[in-house]
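Q: Data: coords_26.cif, mmCIF, C-alpha atoms.
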```
data_upload
loop_
_atom_site.label_atom_id
_atom_site.label_comp_id
_atom_site.auth_asym_id
_atom_site.auth_seq_id
_atom_site.Cartn_x
_atom_site.Cartn_y
_atom_site.Cartn_z
CA MET A 1 -8.49 -2.92 -5.91
CA THR A 2 -7.78 -6.49 -6.97
CA SER A 3 -8.64 -9.61 -4.98
CA ILE A 4 -5.73 -11.92 -4.31
CA SER A 5 -5.35 -15.24 -2.56
CA VAL A 6 -1.84 -16.14 -1.45
CA THR A 7 -0.68 -19.05 0.69
CA VAL A 8 1.79 -17.45 3.07
CA ASN A 9 3.76 -19.77 5.33
CA GLY A 10 1.12 -22.45 4.80
CA ALA A 11 -1.96 -20.34 5.54
CA THR A 12 -4.24 -19.04 2.79
CA ARG A 13 -4.65 -15.28 2.96
CA LYS A 14 -7.23 -13.34 0.95
CA HIS A 15 -7.20 -9.59 0.55
CA ASP A 16 -8.19 -6.80 -1.79
CA VAL A 17 -5.03 -4.91 -2.67
CA GLU A 18 -4.06 -2.00 -4.90
CA PRO A 19 -2.46 -3.41 -8.07
CA ARG A 20 0.56 -1.19 -7.41
CA MET A 21 1.24 -2.78 -4.00
CA LEU A 22 4.57 -4.56 -3.79
CA LEU A 23 4.70 -8.06 -2.39
CA VAL A 24 7.06 -6.88 0.34
CA HIS A 25 4.59 -4.23 1.47
CA TYR A 26 1.76 -6.75 1.39
CA LEU A 27 3.76 -9.06 3.64
CA ARG A 28 4.90 -6.33 6.01
CA GLU A 29 1.97 -3.95 6.15
CA VAL A 30 -1.07 -6.08 5.43
CA LEU A 31 0.03 -9.38 6.99
CA GLY A 32 2.30 -7.82 9.63
CA LEU A 33 5.18 -10.14 8.71
CA THR A 34 7.99 -7.67 9.32
CA GLY A 35 10.81 -10.21 9.24
CA THR A 36 11.13 -9.45 5.53
CA HIS A 37 13.08 -6.21 5.30
CA VAL A 38 13.21 -3.38 2.78
CA GLY A 39 16.76 -2.22 2.17
CA CYS A 40 17.44 -0.62 -1.18
CA ASP A 41 14.06 -0.61 -2.97
CA THR A 42 15.88 -1.45 -6.21
CA SER A 43 16.43 -5.22 -6.00
CA GLN A 44 20.13 -4.85 -5.28
CA CYS A 45 20.51 -5.68 -1.60
CA GLY A 46 18.40 -8.82 -1.10
CA ALA A 47 17.04 -7.88 2.36
CA CYS A 48 13.51 -8.47 1.01
CA CYS A 49 14.09 -12.05 -0.22
CA VAL A 50 11.20 -14.48 0.10
CA CYS A 51 10.45 -17.81 -1.52
CA VAL A 52 7.65 -17.82 -4.13
CA ASP A 53 6.61 -21.23 -5.46
CA GLY A 54 9.97 -22.73 -4.54
CA LEU A 55 12.11 -19.94 -5.98
CA VAL A 56 13.78 -17.12 -4.07
CA VAL A 57 12.80 -13.66 -5.32
CA LYS A 58 13.30 -10.06 -4.25
CA SER A 59 9.88 -9.04 -3.06
CA CYS A 60 10.52 -5.34 -3.69
CA THR A 61 10.21 -5.95 -7.44
CA VAL A 62 7.27 -8.33 -7.35
CA LEU A 63 3.75 -7.01 -7.18
CA ALA A 64 1.40 -8.56 -4.65
CA VAL A 65 -1.04 -9.27 -7.49
CA GLN A 66 1.73 -11.22 -9.26
CA ALA A 67 1.88 -13.56 -6.26
CA ASN A 68 -1.84 -14.35 -6.59
CA GLY A 69 -2.31 -18.12 -6.35
CA SER A 70 1.28 -18.68 -5.22
CA LYS A 71 2.86 -20.23 -2.16
CA VAL A 72 5.06 -17.73 -0.35
CA THR A 73 7.48 -18.54 2.45
CA THR A 74 9.01 -15.76 4.54
CA ILE A 75 11.61 -15.94 7.29
CA GLU A 76 8.71 -16.36 9.76
CA GLY A 77 7.74 -19.59 7.99
CA MET A 78 11.16 -21.22 8.12
CA SER A 79 10.39 -23.04 11.38
CA ALA A 80 7.60 -23.47 13.90
CA PRO A 81 7.39 -21.05 16.85
CA GLY A 82 10.08 -21.73 19.41
CA LEU A 83 12.16 -23.77 16.99
CA LEU A 84 14.99 -22.69 14.75
CA HIS A 85 15.63 -23.85 11.22
CA PRO A 86 19.13 -25.34 10.86
CA LEU A 87 20.14 -22.24 8.92
CA GLN A 88 18.92 -19.95 11.69
CA GLU A 89 20.71 -22.11 14.24
CA ALA A 90 23.94 -22.04 12.23
CA PHE A 91 23.80 -18.24 11.76
CA TRP A 92 23.49 -17.99 15.54
CA GLU A 93 26.32 -20.43 16.26
CA GLU A 94 28.73 -19.03 13.67
CA HIS A 95 27.80 -15.43 14.44
CA GLY A 96 26.68 -14.97 10.84
CA LEU A 97 25.36 -11.49 11.53
CA GLN A 98 26.37 -8.18 12.96
CA CYS A 99 23.50 -5.69 12.74
CA GLY A 100 21.17 -8.42 11.47
CA PHE A 101 19.37 -6.36 8.85
CA CYS A 102 20.43 -8.58 5.93
CA THR A 103 19.97 -11.84 7.85
CA PRO A 104 16.39 -12.79 6.85
CA GLY A 105 17.26 -12.27 3.19
CA MET A 106 20.55 -14.14 3.56
CA ILE A 107 18.73 -17.10 5.13
CA MET A 108 16.08 -17.18 2.39
CA ALA A 109 18.78 -17.03 -0.31
CA ALA A 110 20.86 -19.68 1.47
CA ASP A 111 17.80 -21.93 1.73
CA ASP A 112 17.23 -21.57 -2.02
CA LEU A 113 20.88 -22.43 -2.63
CA LEU A 114 20.78 -25.52 -0.41
CA ARG A 115 17.63 -26.77 -2.13
CA ARG A 116 19.44 -26.57 -5.48
CA ASN A 117 22.77 -27.76 -4.12
CA PRO A 118 22.73 -29.48 -0.69
CA THR A 119 26.53 -29.76 -0.52
CA PRO A 120 27.95 -26.49 -1.87
CA THR A 121 31.62 -25.60 -1.82
CA GLU A 122 32.67 -22.30 -0.28
CA GLU A 123 32.90 -20.81 -3.77
CA GLU A 124 29.39 -22.04 -4.61
CA ILE A 125 28.03 -20.53 -1.40
CA ARG A 126 29.61 -17.18 -2.26
CA ALA A 127 28.17 -17.34 -5.78
CA GLY A 128 24.77 -18.46 -4.44
CA LEU A 129 24.60 -15.48 -2.08
CA ASP A 130 25.91 -12.89 -4.51
CA GLY A 131 22.46 -11.33 -4.80
CA ASN A 132 22.56 -10.36 -1.12
CA LEU A 133 24.57 -7.56 0.43
CA CYS A 134 25.80 -7.37 4.03
CA ARG A 135 26.79 -3.77 4.68
CA CYS A 136 28.57 -4.84 7.88
CA THR A 137 30.68 -6.96 5.49
CA GLY A 138 30.17 -10.02 7.66
CA TYR A 139 30.38 -12.40 4.73
CA HIS A 140 33.05 -14.66 6.23
CA ASN A 141 30.83 -15.91 9.06
CA ILE A 142 27.75 -16.01 6.84
CA VAL A 143 29.57 -18.45 4.55
CA LYS A 144 30.67 -20.51 7.56
CA ALA A 145 27.09 -20.58 8.82
CA VAL A 146 25.76 -21.86 5.51
CA GLN A 147 28.48 -24.54 5.43
CA ARG A 148 27.55 -25.65 8.95
CA ALA A 149 23.84 -25.73 8.11
CA ALA A 150 24.50 -27.70 4.94
CA GLY A 151 26.41 -30.33 6.90
CA ARG A 152 23.61 -30.60 9.44
CA MET A 153 20.73 -30.57 6.98
CA GLY A 154 22.18 -33.44 4.98
CA GLN A 155 20.53 -35.84 7.41
CA THR A 156 17.53 -33.88 8.62
CA ARG A 157 16.42 -32.14 5.44
CA ASP A 158 12.89 -33.56 5.33
CA THR A 159 11.91 -32.22 8.71
CA PHE A 160 12.44 -28.68 7.60
CA THR A 161 11.12 -28.44 4.07
CA ILE A 162 8.33 -26.02 3.42
CA ASP A 163 5.96 -28.83 2.53
CA ALA A 164 6.66 -30.60 5.80
CA MET A 165 5.79 -27.40 7.62
CA ALA A 166 2.62 -26.75 5.65
CA GLY A 167 0.38 -28.92 7.80
CA LYS A 168 1.39 -27.16 10.97
CA THR A 169 0.61 -23.64 9.97
CA ASP A 170 -2.26 -23.07 12.39
CA GLU A 171 0.39 -22.83 15.05
CA PHE A 172 1.92 -19.80 13.38
CA PRO A 173 0.87 -16.71 15.29
CA THR A 174 0.35 -14.11 12.60
CA PRO A 175 0.17 -10.57 13.95
CA ALA A 176 -3.15 -8.87 13.37
CA ALA A 177 -3.43 -7.19 9.99
CA LYS A 178 -3.45 -3.42 9.99
CA HIS A 179 -6.08 -3.04 7.32
CA MET B 1 6.14 2.67 -2.50
CA LYS B 2 7.75 6.04 -2.94
CA GLY B 3 6.66 6.82 -6.49
CA VAL B 4 4.16 9.40 -7.54
CA ILE B 5 1.84 6.87 -9.14
CA ALA B 6 -1.46 7.11 -7.31
CA GLY B 7 -3.31 4.50 -9.30
CA LEU B 8 -2.16 1.60 -11.39
CA GLU B 9 -4.18 -0.65 -13.57
CA MET B 10 -3.10 -4.18 -14.28
CA ARG B 11 -4.55 -6.43 -16.98
CA GLU B 12 -4.00 -10.17 -16.66
CA PRO B 13 -4.19 -11.88 -20.06
CA SER B 14 -4.18 -15.68 -19.94
CA SER B 15 -2.81 -16.26 -23.43
CA LEU B 16 -0.59 -14.57 -25.99
CA ASP B 17 -3.56 -13.94 -28.29
CA GLU B 18 -5.45 -12.27 -25.48
CA ALA B 19 -2.43 -10.11 -24.64
CA LEU B 20 -1.98 -9.06 -28.27
CA SER B 21 -5.62 -8.14 -28.76
CA ALA B 22 -5.54 -6.12 -25.53
CA MET B 23 -2.52 -4.23 -26.90
CA ARG B 24 -4.22 -3.64 -30.24
CA ASN B 25 -7.26 -2.16 -28.48
CA ASP B 26 -5.21 -0.09 -26.06
CA PRO B 27 -1.70 0.87 -27.20
CA SER B 28 -1.08 2.68 -23.89
CA LEU B 29 -0.71 -0.69 -22.13
CA VAL B 30 2.86 -1.41 -21.03
CA PRO B 31 3.77 -5.09 -20.92
CA LEU B 32 5.57 -6.33 -17.82
CA ALA B 33 6.88 -9.71 -16.68
CA GLY B 34 9.67 -10.12 -14.11
CA CYS B 35 9.61 -6.39 -13.26
CA THR B 36 13.28 -6.39 -12.29
CA ASP B 37 13.94 -3.25 -14.35
CA LEU B 38 10.48 -1.84 -14.76
CA TYR B 39 9.48 -1.78 -11.14
CA VAL B 40 12.58 0.11 -10.10
CA ALA B 41 11.65 2.86 -12.57
CA LEU B 42 8.04 2.82 -11.43
CA ASN B 43 9.03 3.04 -7.80
CA PHE B 44 11.32 6.00 -8.48
CA GLY B 45 8.52 7.77 -10.30
CA THR B 46 10.45 7.89 -13.59
CA LEU B 47 7.91 5.75 -15.44
CA GLU B 48 4.76 7.57 -16.42
CA SER B 49 2.52 4.75 -17.55
CA THR B 50 -0.03 3.50 -15.10
CA ARG B 51 -1.57 0.84 -17.28
CA PHE B 52 0.16 -2.51 -17.41
CA LEU B 53 -0.27 -5.89 -18.99
CA ASN B 54 1.08 -8.71 -16.85
CA LEU B 55 2.60 -11.34 -19.16
CA TRP B 56 4.11 -13.51 -16.42
CA SER B 57 1.62 -16.37 -16.72
CA ILE B 58 1.90 -16.79 -20.51
CA ASP B 59 3.89 -20.03 -20.50
CA GLU B 60 3.82 -20.36 -24.29
CA LEU B 61 6.54 -17.68 -24.33
CA ARG B 62 8.86 -19.78 -22.16
CA VAL B 63 9.89 -22.38 -24.73
CA ILE B 64 13.53 -23.05 -25.68
CA GLU B 65 13.70 -25.19 -28.82
CA LYS B 66 15.39 -25.92 -32.10
CA SER B 67 13.36 -24.39 -34.89
CA ASN B 68 14.68 -25.49 -38.27
CA ASP B 69 18.38 -25.10 -37.64
CA ALA B 70 18.04 -22.08 -35.38
CA LEU B 71 17.90 -21.98 -31.61
CA SER B 72 14.66 -20.29 -30.56
CA ILE B 73 14.35 -18.85 -27.05
CA GLY B 74 10.97 -17.59 -25.86
CA ALA B 75 10.82 -14.01 -24.63
CA LEU B 76 9.71 -14.96 -21.10
CA THR B 77 12.57 -17.40 -20.59
CA THR B 78 14.22 -16.48 -17.29
CA TYR B 79 17.97 -16.30 -16.79
CA LYS B 80 17.63 -19.34 -14.55
CA SER B 81 16.03 -21.37 -17.35
CA ILE B 82 18.78 -20.23 -19.72
CA ILE B 83 21.48 -21.27 -17.23
CA GLN B 84 19.82 -24.69 -16.84
CA SER B 85 19.14 -25.33 -20.53
CA LYS B 86 21.25 -28.07 -22.12
CA LEU B 87 20.33 -26.80 -25.57
CA VAL B 88 21.60 -23.29 -24.78
CA ARG B 89 24.72 -24.76 -23.17
CA LYS B 90 25.45 -26.67 -26.36
CA ARG B 91 24.62 -23.98 -28.88
CA LEU B 92 25.21 -20.65 -27.18
CA PRO B 93 27.38 -21.07 -24.06
CA MET B 94 28.27 -17.36 -24.04
CA LEU B 95 24.61 -16.61 -23.28
CA ILE B 96 24.91 -18.77 -20.17
CA SER B 97 28.04 -16.84 -19.14
CA ALA B 98 26.10 -13.60 -19.54
CA ALA B 99 23.00 -14.87 -17.70
CA ARG B 100 25.12 -16.00 -14.75
CA GLU B 101 26.52 -12.51 -14.32
CA ILE B 102 23.17 -10.74 -14.36
CA GLY B 103 22.10 -10.04 -10.77
CA GLY B 104 21.99 -12.89 -8.26
CA ALA B 105 19.84 -16.01 -7.94
CA GLN B 106 16.75 -13.90 -7.21
CA ILE B 107 17.06 -11.91 -10.43
CA HIS B 108 17.80 -15.12 -12.37
CA ASN B 109 14.42 -16.39 -11.16
CA ARG B 110 12.47 -13.34 -12.38
CA GLY B 111 14.36 -11.50 -15.10
CA THR B 112 13.62 -12.53 -18.69
CA LEU B 113 15.52 -12.45 -21.98
CA GLY B 114 12.69 -10.58 -23.70
CA GLY B 115 12.70 -8.05 -20.88
CA ASN B 116 16.43 -7.44 -21.29
CA ILE B 117 15.86 -6.75 -24.99
CA ALA B 118 12.75 -4.59 -24.47
CA ASN B 119 14.36 -2.58 -21.67
CA GLY B 120 16.97 -1.59 -24.25
CA SER B 121 19.70 -0.45 -21.88
CA PRO B 122 23.02 -0.11 -23.72
CA ALA B 123 24.45 -2.00 -20.73
CA GLY B 124 22.10 -4.99 -21.09
CA ASP B 125 24.37 -8.00 -20.68
CA THR B 126 22.62 -10.43 -23.01
CA LEU B 127 22.58 -7.92 -25.87
CA PRO B 128 26.23 -8.22 -27.02
CA VAL B 129 25.78 -12.00 -26.98
CA LEU B 130 22.71 -11.77 -29.19
CA ALA B 131 24.41 -9.24 -31.49
CA ALA B 132 27.53 -11.40 -31.86
CA ALA B 133 25.34 -14.45 -32.51
CA ASP B 134 23.45 -12.68 -35.34
CA ALA B 135 20.20 -13.17 -33.42
CA THR B 136 16.85 -12.17 -34.86
CA VAL B 137 14.12 -10.64 -32.71
CA VAL B 138 10.68 -12.12 -33.40
CA MET B 139 7.85 -9.65 -32.77
CA ARG B 140 4.14 -10.26 -33.01
CA SER B 141 1.06 -8.07 -33.07
CA ALA B 142 -2.57 -9.18 -33.24
CA ASP B 143 -2.29 -8.99 -37.04
CA ALA B 144 1.19 -10.08 -38.00
CA GLU B 145 4.57 -11.45 -37.05
CA ARG B 146 7.85 -9.90 -38.17
CA ARG B 147 11.55 -10.54 -37.69
CA VAL B 148 14.29 -7.96 -37.31
CA PRO B 149 18.00 -8.66 -36.74
CA LEU B 150 19.03 -7.56 -33.24
CA THR B 151 21.64 -5.27 -34.80
CA GLN B 152 18.81 -3.34 -36.51
CA PHE B 153 16.37 -3.55 -33.61
CA TYR B 154 17.65 -0.48 -31.75
CA THR B 155 17.33 2.93 -33.39
CA GLY B 156 18.89 5.00 -30.59
CA TYR B 157 19.36 5.21 -26.84
CA ARG B 158 16.58 3.01 -25.41
CA LYS B 159 14.67 3.32 -28.69
CA SER B 160 13.72 0.41 -30.91
CA VAL B 161 11.57 -0.57 -33.86
CA LEU B 162 9.11 -2.34 -31.51
CA ARG B 163 5.64 -0.82 -31.97
CA ALA B 164 3.23 -0.14 -29.13
CA ASP B 165 0.92 -2.94 -30.26
CA GLU B 166 3.72 -5.51 -30.57
CA LEU B 167 5.33 -7.95 -28.17
CA ILE B 168 8.74 -9.55 -28.46
CA VAL B 169 7.85 -13.25 -28.53
CA ALA B 170 11.23 -14.92 -29.11
CA VAL B 171 14.77 -14.58 -30.35
CA GLU B 172 16.18 -16.90 -32.99
CA ILE B 173 19.87 -17.67 -33.19
CA PRO B 174 21.15 -19.35 -36.35
CA SER B 175 23.74 -22.07 -35.81
CA PHE B 176 27.35 -21.01 -36.23
CA SER B 177 30.78 -22.34 -35.43
CA GLY B 178 33.73 -20.82 -33.63
CA LYS B 179 34.87 -20.31 -30.08
CA GLN B 180 32.48 -18.12 -28.06
CA TRP B 181 33.78 -15.62 -25.53
CA PHE B 182 32.06 -13.31 -23.02
CA ARG B 183 33.43 -10.87 -20.49
CA LYS B 184 31.76 -8.27 -18.33
CA VAL B 185 33.59 -5.52 -16.48
CA GLY B 186 31.74 -3.88 -13.59
CA THR B 187 32.50 -2.27 -10.27
CA ARG B 188 32.25 -5.59 -8.45
CA ALA B 189 32.02 -9.19 -9.57
CA ALA B 190 28.40 -9.72 -8.56
CA GLN B 191 25.28 -7.83 -9.64
CA ALA B 192 26.96 -4.74 -10.99
CA ILE B 193 25.82 -2.88 -14.09
CA SER B 194 28.45 -3.21 -16.80
CA LYS B 195 31.03 -0.51 -17.46
CA VAL B 196 31.98 -2.45 -20.59
CA VAL B 197 30.66 -5.82 -21.76
CA MET B 198 31.91 -7.85 -24.73
CA ALA B 199 30.76 -10.96 -26.53
CA ALA B 200 32.78 -12.35 -29.40
CA VAL B 201 33.17 -15.36 -31.66
CA ARG B 202 36.56 -16.57 -32.92
CA SER B 203 36.21 -17.95 -36.40
CA PRO B 204 37.62 -17.17 -39.86
CA ARG B 205 35.17 -14.25 -39.83
CA PRO B 206 35.42 -13.03 -36.23
CA ARG B 207 32.39 -11.36 -34.68
CA ILE B 208 32.69 -8.77 -31.94
CA ALA B 209 29.90 -6.98 -30.07
CA LEU B 210 30.18 -4.47 -27.24
CA GLY B 211 27.78 -3.02 -24.70
CA SER B 212 28.05 0.22 -22.67
CA VAL B 213 30.29 1.93 -25.24
CA ALA B 214 27.62 3.53 -27.46
CA PRO B 215 23.93 4.55 -27.24
CA THR B 216 23.01 0.98 -28.17
CA VAL B 217 24.72 -2.37 -28.25
CA ILE B 218 27.01 -2.44 -31.30
CA ARG B 219 28.87 -4.81 -33.62
CA LEU B 220 32.32 -3.66 -34.73
CA PRO B 221 32.47 -4.30 -38.51
CA MET B 222 35.76 -2.44 -39.03
CA THR B 223 37.53 -4.24 -36.22
CA GLU B 224 36.06 -7.55 -37.38
CA GLY B 225 37.21 -6.83 -40.95
CA ALA B 226 40.76 -6.05 -39.85
CA LEU B 227 41.00 -9.29 -37.88
CA GLU B 228 39.51 -11.25 -40.75
CA GLU B 229 42.21 -9.89 -43.07
CA GLY B 230 44.89 -10.95 -40.63
CA ALA B 231 45.83 -7.57 -39.16
CA PRO B 232 47.91 -7.75 -35.98
CA ILE B 233 45.81 -7.56 -32.81
CA GLN B 234 47.41 -4.21 -31.85
CA GLU B 235 46.11 -2.67 -35.07
CA ALA B 236 42.65 -4.15 -34.47
CA GLN B 237 42.70 -2.66 -30.97
CA ARG B 238 43.47 0.79 -32.42
CA ILE B 239 40.61 0.45 -34.88
CA LEU B 240 38.27 -0.63 -32.08
CA MET B 241 39.09 2.48 -30.05
CA ASP B 242 37.99 4.63 -32.99
CA GLU B 243 34.94 2.55 -33.74
CA ILE B 244 33.24 2.99 -30.35
CA SER B 245 31.71 6.12 -28.82
CA PRO B 246 31.67 5.73 -25.04
CA ILE B 247 30.70 8.53 -22.68
CA ASP B 248 31.47 9.69 -19.15
CA ASP B 249 28.66 8.79 -16.77
CA MET B 250 28.02 7.80 -13.17
CA ARG B 251 29.56 4.35 -13.72
CA SER B 252 32.73 5.11 -15.64
CA THR B 253 34.61 7.46 -17.95
CA GLU B 254 35.00 7.58 -21.69
CA GLU B 255 38.76 7.03 -21.47
CA TYR B 256 38.45 4.04 -19.14
CA ARG B 257 35.84 2.43 -21.34
CA ARG B 258 37.97 2.90 -24.48
CA ARG B 259 41.01 1.33 -22.88
CA VAL B 260 39.12 -1.52 -21.25
CA ALA B 261 37.28 -2.30 -24.48
CA SER B 262 40.62 -2.47 -26.27
CA ASN B 263 42.07 -4.67 -23.52
CA LEU B 264 39.04 -6.98 -23.75
CA LEU B 265 39.67 -7.43 -27.47
CA GLY B 266 43.28 -8.36 -26.68
CA ARG B 267 42.13 -10.79 -24.02
CA PHE B 268 39.55 -12.36 -26.33
CA TRP B 269 42.16 -12.85 -29.03
CA ALA B 270 44.72 -14.38 -26.65
CA GLU B 271 42.24 -16.66 -24.90
CA THR B 272 40.65 -18.10 -28.04
CA GLU B 273 43.83 -18.91 -29.98
#
```
Any chance you could give the structure as structure tokens?
A:
Amino acid sequence: MTSISVTVNGATRKHDVEPRMLLVHYLREVLGLTGTHVGCDTSQCGACCVCVDGLVVKSCTVLAVQANGSKVTTIEGMSAPGLLHPLQEAFWEEHGLQCGFCTPGMIMAADDLLRRNPTPTEEEIRAGLDGNLCRCTGYHNIVKAVQRAAGRMGQTRDTFTIDAMAGKTDEFPTPAAKH
Amino acid sequence: MKGVIAGLEMREPSSLDEALSAMRNDPSLVPLAGCTDLYVALNFGTLESTRFLNLWSIDELRVIEKSNDALSIGALTTYKSIIQSKLVRKRLPMLISAAREIGGAQIHNRGTLGGNIANGSPAGDTLPVLAAADATVVMRSADAERRVPLTQFYTGYRKSVLRADELIVAVEIPSFSGKQWFRKVGTRAAQAISKVVMAAVRSPRPRIALGSVAPTVIRLPMTEGALEEGAPIQEAQRILMDEISPIDDMRSTEEYRRRVASNLLGRFWAETE
């Protein structure tokens, strides 16, 4: 077992984990944050996307021990309880989902894109999300949702950055850990 | 995790020297960094090693710089850093084209150039670029450093001259002139593994490298020679089809790969006139 300390959605979490444990399993099974999904297990589909130190990664090919000392944001950390992040709101309004399985990963990848490029063209959105698969093929509305969120976040960006959220993390109800 | 690995040991060196001495003392250690290839194999139970050396925090291997007149790219440089590098954009734009087509943003953030070389897949997308650019692989052990041209680095399918106590620390690309060209053909535009991938340089002595058409990445000296002597492109395309040795596999067929490789040569020639 290896001791790790990871700041997840603003709260510092310390656990002893097996070195072989994947970050996605740490998030889902140890921390109970099941919003991050496991789709393909091979870093193709993007359902497991989370943000590590400001960069989106596929958490099915990152070990939990490799996230030691890092700041991790999952879909649960995108907004405070009861509130929606502009991306979440836009996915709702534009119907950017069908079954919803890919949605958390899509939102994490879209957030990464908008941090790099706050005013992307449609082509740039499609390129920015090309690491994420929607098996319902609902890409059209996903792109529209990201466009809508980009327009809205132009003015309100600061309110929703991860750093702005960091001070409010005690309000995040984290489900009890299983082990 | 589905794999059969019950235990896994991870060493965390904090410097290159520490990593190299750990590898000298224990050659069974397998270095890892972004894990984008390695962890898939581990998870599927096709990787036997259970002892790993995590290189991710060794920032001294992330430097992109001019060294003498060569461009030197550290082994842990991610695809994202390559895409963002002005120096790479100026000197080796075809490497940026290749990096952009590897996976999506998430893989750009984790996957490394050294990892692509060490993984040694004949479909590795940066490898034709490095072969066409006459890149040299810089390897270091606790005792010594050595340099091997990329075209002599691989000795067979996923086999290389890299020893168990050595790490790839950088690649060096000498400066050269000519129009650079890169094209990848896969099942879909985004994050597909290449069926055929070509990098080429248009100059009085053309350079052509192909991936996914032989057990390793290859240069095409006969095709290059024909073009250099002014042979018509159709003749060069015929020579190319004889110079490669593609196979049928899950991603494509031998015949398709031969024809597409030939078409890519034609496209390269027409687009770089």
Q: Evaluating the PyMOL selection byres ((chain B) within 10 of (chain A)) on the displayed file yields which residues, as an MDAnalysis selection string?
A: chainID B and resid 1:2 5:12 33:44 50 52 54:57 100:110 189:192
Q: Would you write out, as a list in words, every residue that the PyMOL selection byres ((chain B and resi 271) around 12) captures in this file?
A: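 Given this file, the PyMOL selection byres ((chain B and resi 271) around 12) evaluates to Lys179, Gln180, Trp181, Phe182, Arg183, Ala200, Val201, Arg202, Leu264, Leu265, Gly266, Arg267, Phe268, Trp269, Ala270, Thr272 and Glu273 of chain B.
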Q: Just to be explicit: take each residue in the selection above, keep C-alpha atoms, and write the result as an mmCIF file, keeping the file's coordinate frame.
A:
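Here's the written file again13.cif:
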```cif
data_model
loop_
_atom_site.group_PDB
_atom_site.id
_atom_site.type_symbol
_atom_site.label_atom_id
_atom_site.label_comp_id
_atom_site.auth_asym_id
_atom_site.auth_seq_id
_atom_site.Cartn_x
_atom_site.Cartn_y
_atom_site.Cartn_z
ATOM 1 C CA LYS B 179 34.870 -20.310 -30.080
ATOM 2 C CA GLN B 180 32.480 -18.120 -28.060
ATOM 3 C CA TRP B 181 33.780 -15.620 -25.530
ATOM 4 C CA PHE B 182 32.060 -13.310 -23.020
ATOM 5 C CA ARG B 183 33.430 -10.870 -20.490
ATOM 6 C CA ALA B 200 32.780 -12.350 -29.400
ATOM 7 C CA VAL B 201 33.170 -15.360 -31.660
ATOM 8 C CA ARG B 202 36.560 -16.570 -32.920
ATOM 9 C CA LEU B 264 39.040 -6.980 -23.750
ATOM 10 C CA LEU B 265 39.670 -7.430 -27.470
ATOM 11 C CA GLY B 266 43.280 -8.360 -26.680
ATOM 12 C CA ARG B 267 42.130 -10.790 -24.020
ATOM 13 C CA PHE B 268 39.550 -12.360 -26.330
ATOM 14 C CA TRP B 269 42.160 -12.850 -29.030
ATOM 15 C CA ALA B 270 44.720 -14.380 -26.650
ATOM 16 C CA THR B 272 40.650 -18.100 -28.040
ATOM 17 C CA GLU B 273 43.830 -18.910 -29.980
#
```
Q: CA of Gln84 (chain B) and CA of Leu210 (chain B) are how many Å apart?
A: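 CA of Gln84 (chain B) sits 25.0 Å away from CA of Leu210 (chain B).
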Q: Report the residues retrieved by the PyMOL selection byres ((chain B and resi 240) around 12) from the displayed file, expressed as a compact mmCIF listing (two decimals) with C-alpha atoms, in the frame of the given file.
A:
```txt
# COMPACT_ATOMS: atom_id res chain seq x y z
CA ILE B 208 32.69 -8.77 -31.94
CA ALA B 209 29.90 -6.98 -30.07
CA LEU B 210 30.18 -4.47 -27.24
CA VAL B 213 30.29 1.93 -25.24
CA ILE B 218 27.01 -2.44 -31.30
CA ARG B 219 28.87 -4.81 -33.62
CA LEU B 220 32.32 -3.66 -34.73
CA PRO B 221 32.47 -4.30 -38.51
CA MET B 222 35.76 -2.44 -39.03
CA THR B 223 37.53 -4.24 -36.22
CA GLU B 224 36.06 -7.55 -37.38
CA GLY B 225 37.21 -6.83 -40.95
CA ALA B 226 40.76 -6.05 -39.85
CA LEU B 227 41.00 -9.29 -37.88
CA ILE B 233 45.81 -7.56 -32.81
CA GLN B 234 47.41 -4.21 -31.85
CA GLU B 235 46.11 -2.67 -35.07
CA ALA B 236 42.65 -4.15 -34.47
CA GLN B 237 42.70 -2.66 -30.97
CA ARG B 238 43.47 0.79 -32.42
CA ILE B 239 40.61 0.45 -34.88
CA MET B 241 39.09 2.48 -30.05
CA ASP B 242 37.99 4.63 -32.99
CA GLU B 243 34.94 2.55 -33.74
CA ILE B 244 33.24 2.99 -30.35
CA SER B 245 31.71 6.12 -28.82
CA PRO B 246 31.67 5.73 -25.04
CA ARG B 257 35.84 2.43 -21.34
CA ARG B 258 37.97 2.90 -24.48
CA ARG B 259 41.01 1.33 -22.88
CA VAL B 260 39.12 -1.52 -21.25
CA ALA B 261 37.28 -2.30 -24.48
CA SER B 262 40.62 -2.47 -26.27
CA ASN B 263 42.07 -4.67 -23.52
CA LEU B 264 39.04 -6.98 -23.75
CA LEU B 265 39.67 -7.43 -27.47
CA GLY B 266 43.28 -8.36 -26.68
```
Q: Do a neighbour search on region 84-98 of chain A at 12 Å with all atoms listed in the file, toss out local chain neighbours closer than 3 positions, and write the hits as a ChimeraX atom specification.
A: /A:75-81,101-114,133-162,165
Q: What does the distance between CA of Glu166 (chain B) and CA of Met139 (chain B) come to in Å, to one decimal place?
A: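 Value for the CA of Glu166 (chain B)-CA of Met139 (chain B) distance: 6.2 Å.
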